[in-house]
Structures are given as C-alpha cells and as structure tokens.
Amino acid sequence: KMMIVVQRMFASCDSFSLIAVPFFIFAGDLLAGGRISKVLVEFCESLLGMIKGGLSVVSVLAGMFFAAISGSGAATAAVGATLVPELKKRGYREDSAAALVAAAGTIGVVIPPSVPMVLYAVIAEESVSRLFSAGFLPGVIMGVMLIAIALYQAYQNNYPKGAPFSLKNVGKTFLK
C-alpha cells in the first residue's frame with residue numbers, strides 16, 4: 001500500500017507544464033540579482049519621466065514589465081527595492097510609494113506568464129495557454145488603474161516632474 005502512495009506522489013509531479021516553474025523562478029532570480037531592473041526603470045523613465053509624478057507611473061510599468069518577464073510576483077519586488085528609495089529621494093511620500101510598488105508587484109500573479117497560473121492549470125487540469133490569454137487583459141486593466149491612482153496622487157501631492165523627453169535619451173536607454 002505504501003508503494004501506491006509513493007507512486008501517486010511522483011505521478012502528480014510528472015507534468016510537462018510544471019517544467020516551466022523552476023525556469024520562471026530562475027529567470028526572476030537572474031533579473032532581480034542583475035542590473036536589468038535598473039536598466040528597465042531607466043528606459044521607462046526616459047519615456048514617461050517628463051509628466052508630473054512620472055516616476056510613480058514608471059514604477060507601475062516597470063513592475064508590469066518585470067512581472068511579464070519573470071512570471072513571479074515575488075520577483076517583481078526587486079524592482080521595488082530599487083524604486084522606493086528613489087521615489088523617497090525625489091520627494092514622494094514613503095508610505096504611498098511603498099504601497100504603489102507593492103500593489104504593482106501583485107500584478108505579477110495575473111499577467112502571463114505566471115507561476116501560480118501554471119500551478120493552477122496543472123492542478124485543475126486546465127489549459128495553460130487559455131489561462132494566460134485570460135489573464136492578460138485583467139492584468140493590463142489593473143496596471144492602468146494603478147497608473148490612474150499614481151497620477152491622481154501626483155497631482156494631489158504636487159510630485160515633481162522628471163527629466164524632459166528626449167529621443168536621444170530614449171534611444172540610449174533602449175540600447176542599454
């Protein structure tokens with residue numbers, strides 16, 4: 001009887017879709033430990049830094065991009081680790097900045113590829129691709145709503161503008 005229990009335990013782990021989970025976690029760890037989060041933030045800021053409260057919008061967009069790359073909400077916290085001190089340094093309220101970055105990190109569970117979606121698909125025997133396609137639009141809507149909140153707070157608290165828009169700067173940060 002114990003042999004059947006062991007066989008069932010290993011059979012439940014024998015899933016092609018579960019192969020993706022360690023790779024998502026590894027990609028998120030590489031991105032968190034490397035320079036990519038700072039480079040991604042620089043690129044987003046070169047695009048949107050010129051608007052009032054642009055850095056808060058950048059923090060949401062960077063969180064969304066990082067979530068789409070890594071598939072993990074926890075790995076998206078690496079972006080927050082670089083952004084919260086920068087937001088504070090530029091005059092943003094610390095509690096508001098931390099809450100915004102934390103909320104942007106939760107989008108990582110919804111925007112595909114998502115590790116929890118893969119796990120749910122395996123457990124519920126659903127299609128991973130159908131879950132991914134169903135999660136994209138809600139993830140984008142969540143991001144747009146967070147950007148709207150960030151802009152509202154920026155005008156309410158008179159947050160600063162960033163550097164003026166420059167195609168040269170956009171090109172330089174894109175190449176990085």
# chains A, B, ... in the order shown; residues from 1 in each chain; ligands from 1
call {"tool": "residues_around", "arguments": {"residues": "Val39 in chain A", "least_positions_apart": "5", "cutoff": "9 Å", "atoms": "only C-alpha atoms", "output": "PyMOL selection string"}}
result
chain A and resi 44+173-174+176
call {"tool": "residues_around", "arguments": {"residues": "Ala150 in chain A", "least_positions_apart": "2", "cutoff": "8 Å", "atoms": "only C-alpha atoms", "output": "PyMOL selection string"}}
result
chain A and resi 53+56-57+100+146-148+152-154
call {"tool": "write_last_selection", "arguments": {"atoms": "C-alpha atoms", "output": "tab-separated table (two decimals), in the first residue's frame"}}
result
chain	number	residue	atom	x	y	z
A	53	GLY	CA	4.59	62.00	-10.88
A	56	SER	CA	5.36	56.58	-9.84
A	57	VAL	CA	3.94	55.69	-13.28
A	100	LEU	CA	2.20	51.60	-5.01
A	146	LEU	CA	-2.74	51.78	-10.64
A	147	ILE	CA	-1.33	54.34	-13.08
A	148	ALA	CA	-4.52	56.40	-12.74
A	152	TYR	CA	-4.13	61.32	-9.10
A	153	GLN	CA	-1.76	61.19	-6.12
A	154	ALA	CA	0.92	63.02	-8.10
call {"tool": "closest_residue", "arguments": {"among": "A:Gly105, A:Pro116, A:Pro160, A:Gly135", "to": "Lys89 in chain A", "atoms": "only C-alpha atoms"}}
result
A:Pro160
call {"tool": "select_by_dssp", "arguments": {"residues": "range 111-146 of chain A", "states": "alpha helix (DSSP H)", "output": "list in words"}}
result
Val115, Pro116, Met117, Val118, Leu119, Tyr120, Ala121, Val122, Ile123, Ala124, Val128, Ser129, Arg130, Leu131, Phe132, Ser133, Ala134, Gly135, Phe136, Leu137, Pro138, Gly139, Val140, Ile141, Met142, Gly143, Val144, Met145 and Leu146 of chain A
call {"tool": "atom_distance", "arguments": {"atom1": "CA of Ala163 in chain A", "atom2": "CA of Leu61 in chain A"}}
result
17.4 Å
call {"tool": "closest_residue", "arguments": {"among": "A:Gly54, A:Gly63, A:Pro138, A:Pro113", "to": "Leu87 in chain A", "atoms": "only C-alpha atoms"}}
result
A:Gly54
call {"tool": "closest_residue", "arguments": {"among": "A:Ala68, A:Val110, A:Ala99, A:Ile36", "to": "Ile149 in chain A", "atoms": "only C-alpha atoms"}}
result
A:Ala99
call {"tool": "closest_residue", "arguments": {"among": "A:Met3, A:Leu40, A:Leu167, A:Met145", "to": "Ala103 in chain A", "atoms": "only C-alpha atoms"}}
result
A:Met145
